[in-house]
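Asks: Got a structure for you, questions after.
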Amino acid sequence: LTEEAVCGLIFYPGGKVEHTAYAPLMRELAEEGVLCVIPKMPGNLAVLNPDAAEGIANRYPEITEWYLGGHSLGGSMAAAFAADHAEDYKGLILLASYSVAYLKESGLRVLSVYGSEDGILNFEAYHDNRQNLPEATEEVLLDGGNHACFGSYGLQDGDGAALISPESQVEKTADQILGFLSD
């Protein structure tokens with residue numbers, strides 16, 4: 001990616017997580033030319049505004065390729081929005097998340113990243129809902145990563161202890177996303 005923004009990412013924060021918690025990850029992406037927009041959600045819950053991405057791309061007409069993404073509950077809500085607006089986006093990025101919306105034939109490219117030490121993600125639901133995603137979905141297991149370290153909001157009850165630093169998890173996640181966006 002170049003220094004000028006070549007694509008945009010609208011990223012939905014995880015449930016009860018301040019949108020600013022994703023600044024380290026978004027900064028990594030922005031430094032590589034991705035315009036990152038994180039909608040502030042009412043009550044810090046994307047489920048209260050799943051249509052938050054509506055109209056954002058129109059504010060940046062110079063960006064011609066848009067992606068949706070999100071962490072945890074935010075990823076599920078981004079996927080639900082994507083199901084109704086697939087023609088407006090090139091792909092979907094799910095961090096420790098899954099889609100209950102049917103996207104198999106949406107034409108969207110999908111990247112799914114989760115950590116090996118994640119104690120929050122419901123892996124049964126993750127696997128059950130995998131059928132909703134396109135066959136070519138890229139799945140990446142971050143060895144040593146947990147749930148909370150996709151953002152910067154501290155420990156989360158029930159999460160596994162990360163075996164890598166939060167900075168390392170953000171860097172590895174950014175590398176995966178940038179590779180996906182460059183394909």
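Ligands are numbered from 1 in the order shown, residues from 1 within each chain, and chains are lettered A, B, ... in the order they appear in the structure tokens.
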At a cut-off of 7 Å, using only C-alpha atoms, what residues contact range 101-115 of chain A? Leave out same-chain residues fewer than 4 positions from it and give the result as a list in words.

Replies: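 My reading of the contact set: Ala79, Ala80, Ala83, Ala86, Lys90, Gly91, Leu92, Ile93, Leu94, Leu95, Ala96, Asn132, Leu133, Pro134, Thr137, Glu138, Glu139, Val140, Leu141, Leu142, Asp143, Gly144, Gly145, Asn146 and His147 of chain A.
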
Asks: Might you pull out every residue within 9 Å of Val47 in chain A, with only C-alpha atoms counted and same-chain residues fewer than 2 positions away left off, and present them as a list in words?

Replies: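 Residues near the query, excluding close chain neighbours: Gly15, Met41, Pro42, Asn44, Leu45, Asn49, Pro50, Leu73, Gly74, Ser76 and Met77 of chain A.
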
Asks: Using DSSP on the backbone, list every residue of chain A that comes out as strand (DSSP E or B), and give them as a ChimeraX atom specification.

Replies: /A:7-12,34-37,66-71,91-95,109-115,138-142

Asks: List the neighbours of Cys36 in chain A out to 7 Å using only C-alpha atoms; skip same-chain residues closer than 6 positions along the sequence, and give me the result as a list in words.

Replies: Gly8, Leu9, Ile10, Met26 and Ala30 of chain A

Asks: How about saving the chosen residues, N, CA, C and O atoms kept, as a PDB file, in the first residue's frame?

Replies:
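part-v5.pdb, written as the output of this step:
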ATOM      1  N   GLY A   8     -10.271   2.104   2.362  1.00  0.00           N
ATOM      2  CA  GLY A   8     -10.815   2.500   3.647  1.00  0.00           C
ATOM      3  C   GLY A   8     -11.326   1.298   4.417  1.00  0.00           C
ATOM      4  O   GLY A   8     -11.765   0.305   3.826  1.00  0.00           O
ATOM      5  N   LEU A   9     -11.260   1.411   5.742  1.00  0.00           N
ATOM      6  CA  LEU A   9     -11.762   0.375   6.633  1.00  0.00           C
ATOM      7  C   LEU A   9     -12.664   1.030   7.671  1.00  0.00           C
ATOM      8  O   LEU A   9     -12.234   1.925   8.398  1.00  0.00           O
ATOM      9  N   ILE A  10     -13.904   0.574   7.719  1.00  0.00           N
ATOM     10  CA  ILE A  10     -14.836   0.993   8.758  1.00  0.00           C
ATOM     11  C   ILE A  10     -14.854  -0.135   9.767  1.00  0.00           C
ATOM     12  O   ILE A  10     -15.190  -1.271   9.431  1.00  0.00           O
ATOM     13  N   MET A  26      -5.480   0.664  14.462  1.00  0.00           N
ATOM     14  CA  MET A  26      -5.838   1.529  13.336  1.00  0.00           C
ATOM     15  C   MET A  26      -4.644   2.402  12.921  1.00  0.00           C
ATOM     16  O   MET A  26      -4.446   2.669  11.742  1.00  0.00           O
ATOM     17  N   ALA A  30      -3.175   2.794   9.285  1.00  0.00           N
ATOM     18  CA  ALA A  30      -3.147   4.128   8.678  1.00  0.00           C
ATOM     19  C   ALA A  30      -1.744   4.490   8.200  1.00  0.00           C
ATOM     20  O   ALA A  30      -1.596   5.140   7.153  1.00  0.00           O
TER      21      ALA A  30
END

Asks: For Phe150 in chain A, which residue out of A:Gln131, A:Arg27, A:Leu68, A:Ala21 is the nearest one, using only C-alpha atoms?

Replies: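 With only C-alpha atoms as the atom set, the closest residue is A:Ala21.
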
Asks: Which residues are near Pro13 in chain A? Cut-off 6 Å, only C-alpha atoms, ignore same chain within fewer than 5 positions. Put them as a count of residues only.

Replies: 4

Asks: Would you mind listing, for every residue of range 16-134 of chain A within 7 Å of range 169-183 of chain A, the two atoms forming the shortest contact and the distance between them in Å to one decimal, using only C-alpha atoms, sorted by chain and ascending residue number, as a Markdown table?

Replies:
| residue | atom | partner | partner_atom | distance |
| --- | --- | --- | --- | --- |
| A:Leu25 | CA | A:Val170 | CA | 5.5 |
| A:Glu28 | CA | A:Ala174 | CA | 6.3 |
| A:Leu29 | CA | A:Ala174 | CA | 6.2 |

Asks: Of the candidates A:Val34, A:Ala78, A:Ala125, A:Ile120, which shows the shortest atom-to-atom distance to Ala53 in chain A, using only C-alpha atoms?

Replies: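 Of A:Val34, A:Ala78, A:Ala125, A:Ile120, the one nearest Ala53 in chain A, counting only C-alpha atoms, is A:Ala78.
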
Asks: Apply DSSP to the structure's backbone, then extract all residues of range 13-121 of chain A labelled helix (DSSP H, G or I) and return them as a PyMOL selection string.

Replies: chain A and resi 19-30+42-44+46-48+57-59+73-88

Asks: Would you list the contacts of Tyr126 in chain A as a PyMOL selection string, taking every protein, DNA or RNA residue within 9 Å and counting only C-alpha atoms, but skipping same-chain residues closer than 2 positions in sequence?

Replies: chain A and resi 96-99+121-124+128-130

Asks: Using only C-alpha atoms, which of A:Val6, A:Leu35, A:Ala82, A:Ala23 sits nearest Thr64 in chain A?

Replies: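 Among the listed residues, A:Val6 lies closest to Thr64 in chain A.
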